[in-house]
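Here is the structure we will look at.
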Amino acid sequence: MEKDKNTHNEHTEDAKQVYGNASFGIPADCTQKQKMNGIKLACYIVVVVLICSVVYGSYRAATSYFLPVMTFDKSAQPVLYVQNADLMVKTDSDRRGKMVIHSEQLYNDSDSAELVQITSDGRSVFYAVESAEGDPGFDLYYGRISSVDNDRDTPNEHLCIDSGVTAYKIHPDGRFVLYLKEDRLYYSNLTDSHMVATGVTAFYLSKNNQQFIYYKDGSRIYTCGTGEKDRPVLVDAEIDKVLSEKEEYVRIYYLKQGALFLKEIDKEAVCIAENVKDGIMLGDYVYFVKEETLQKTFEDIFYDDKATRDKSLTEPVQTDYMVFAADGTKRLDTEAYDAAMQQYEEKLIRDTIRDYFSLHPMAETENVLYTVRWNGIKEVDSGLNDAALHYNSCKQTIVYEKEIENEEKIRLSSVENIEDALQKIEMQQSEEKKNGMYVLIKDKMPYLGLEYFPQGQIEISLDGKFLYCLETVGEDGRNALVRYTISSRELKNRTVLREGVTDFAVDGADSSIVIVFDENKLGLCEGDTYTHLSDSSCHSFFYVDGTLFFYDEYNVQTESGKLQWFRDGKVKLVDVGVHAFDVRNLKTVTYIKHFNQEFGFGDLYLKSGNAKGKKIDICVRSIIY
């Protein structure tokens with residue numbers, strides 16, 4: 001099908017260009033609240049499916065991550081895949097796949113995400129097509145997926161929304177699409193398009209799909225409703241970092257010129273703190289770090305073991321040390337008097353040390369951690385090794401490195417004078433510091449979790465129950481996977497799950513499930529039980545609801561392996577020679593086998609339950625959905 005030539009006309013600020021027609025039945029009202037959609041779920045699938053450089057490139061086994069429990073069944077939705085240069089769709093009612101695009105190439109750019117997106121009802125698809133003129137960006141298309149088993153050479157109804165597009169996001173039901181053309185942000189309800197702003201560098205759709213947020217000129221942030229009469233509202237300019245979720249628009253915490261701000265909807269931005277180095281959100285709580293110069297007093301440095309005695313010690317008087325001699329005359333007890341005088345002179349030296357450090361406290365620069373409470377700013381901790389704060393996994397808990405607090409102070413009685421005190425302080429500061437890992441749970445005070453900081457991978461389960469890390473165990477220097485139980489006051493129940501681990505991934509739904517890799521060896525930890533699954537696997541797998549789909553006997557040269565699934569302690573074969581796969585529910589999977597590396601395609605199969613896999617198409621390059 002040839003594209004409408006008018007679709008290549010450029011938008012201008014003074015005019016609106018219309019693309020498509022009303023026969024598609026897309027409503028213009030995009031302000032109604034929507035329920036959770038399948039788009040995010042589809043994105044989860046794309047993460048773990050073995051994608052061939054989006055659509056055309058050769059296979060690459062990217063490290064995957066565990067997914068939340070499968071709460072949907074997409075086996076009733078169409079299968080979306082790439083055949084030769086065509087985007088194909090197949091529903092249960094179709095005997096064969098149908099073309100979404102006829103003789104057009106999908107846009108191939110590994111730096112662009114979600115170039116093909118399907119609506120939550122599985123009835124419509126948005127896709128990117130190479131520009132016919134070779135212009136930068138791609139042509140953005142929208143197509144309706146028919147449920148009628150038409151001849152596969154009959155293209156589905158579709159329209160070009162715009163050309164020169166570089167990124168886009170759709171409403172889950174396909175009611176509207178936001179897209180970028182170079183630095184211009186557009187809104188289209190599929191029957192009408194208009195430009196929202198220029199100079200846009202990034203944009204996000206809010207979780208309730210009622211608002212969108214965009215960055216302008218790199219450091220200015222705006223929010224805008226999706227209604228026809230909604231206009232952009234400036235959050236602030238010269239923003240360095242946004243701490244809130246990217247989709248958040250009601251309460252936005254951000255850093256600007258070293259200060260922490262809060263912008264609430266329909267309110268002016270408020271400065272919370274200045275001289276801020278970094279910040280992070282733990283749930284609804286904001287934490288931030290300031291570099292401050294702290295004054296260490298005499299009490300912070302010395303243990304005054306002579307304080308009580310010195311308070312009562314006065315200069316000795318000779319008359320107090322007169323004693324009777326053998327002849328009955330009085331004489332001075334020189335030995336006792338000299339001892340008392342020596343004690344007094346030592347007390348005077350200690351007083352000079354006390355006075356000196358009271359007048360000249362030691363200054364140290366430290367990273368101080370703060371949080372915001374309803375009654376103001378509260379200090380949480382100090383002495384952090386690094387001012388940067390970041391998550392490991394769970395967004396309710398973080399870990400950071402700092403020196404373990406040394407309770408040992410310099411005994412004042414061991415100090416001879418001020419110079420000696422300064423030397424002892426310098427020696428103490430030059431001693432090798434022992435750093436530990438501190439754990440901070442939202443709305444709790446941090447605590448020392450480990451008396452060292454693991455140098456390998458660290459993950460906190462999404463539910464915040466467990467901390468997993470790689471520790472060096474034994475003389476061979478190999479890493480072991482270790483699990484700790486996280487409580488509000490300590491890390492406890494240290495358990496070595498497996499030795500010889502190179503990396504691992506924690507399930508998002510069940511925090512006691514961990515996939516373990518030792519190079520290409522694959523295993524599964526369920527609680528304290530480890531099950532070895534493969535000596536030759538790859539880092540592409542799919543785990544959901546107690547079932548793991550994984551490769552065995554994986555061959556790097558042929559880019560394929562034996563696809564198996566593991567459940568209830570049993571391993572079952574899906575098929576051999578599998579190049580890529582997509583799990584549609586716990587019993588149904590689509591996959592590509594007989595992959596020809598020279599031509600870059602293979603046969604598409606569908607397997608459901610215990611039935612043998614059925615070939616549903618040929619010359620398939622990748623599975624999109």
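Ordered as shown in the structure tokens, chains take letters A, B, and onward, while each chain numbers its residues from 1 and ligands are numbered from 1 in the order shown.
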
task = Within region 360-585 of chain A, find each residue whose DSSP state, derived from the backbone, is strand (DSSP E or B), and express the selection as a ChimeraX atom specification.
result = /A:362-373,376-384,397-403,410-411,435-441,447-450,458-460,466-472,479-486,491-499,503-506,513-518,521-526,529-534,542-544,547-555,560-567,570-585

inquiry  = Quick one: residues within 10 Å of Gln77 (chain A), only C-alpha atoms, excluding same-chain residues fewer than 4 positions away - as a list in words?
reply    = Asp73, Val89, Lys90, Thr91, Asp92, Ile118, Ser120, Asp121, Gly122, Arg123, Arg584 and Tyr625 of chain A

task = Might you pull out every residue within 10 Å of Asp304 (chain A), with only C-alpha atoms counted and same-chain residues fewer than 4 positions away left off, and present them as a PyMOL selection string?
result = chain A and resi 298-299+308+310+350+354+409-413

Exercise: Tyr204 (chain A) partners within 6 Å, only C-alpha atoms, chain neighbours under 4 positions left out, as a list in words = Phe212, Ile213 and Glu247 of chain A

Residues as selected, C-alpha atoms, written as a short mmCIF file (atom, residue, chain, number, x, y, z; two decimals), in the first residue's frame, can you do that?
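This is the output file again06.cif:
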```
data_model
loop_
_atom_site.label_atom_id
_atom_site.label_comp_id
_atom_site.auth_asym_id
_atom_site.auth_seq_id
_atom_site.Cartn_x
_atom_site.Cartn_y
_atom_site.Cartn_z
CA PHE A 212 2.28 13.93 30.36
CA ILE A 213 5.57 15.37 31.54
CA GLU A 247 5.70 9.63 35.53
#
```

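The shell of residues at most 7 Å from Glu130 (chain A), with only C-alpha atoms counted and near chain neighbours (fewer than 2 positions) removed, consists of Gln105, Leu106, Tyr107, Ala128, Ala132, Phe138 and Asp139 of chain A.
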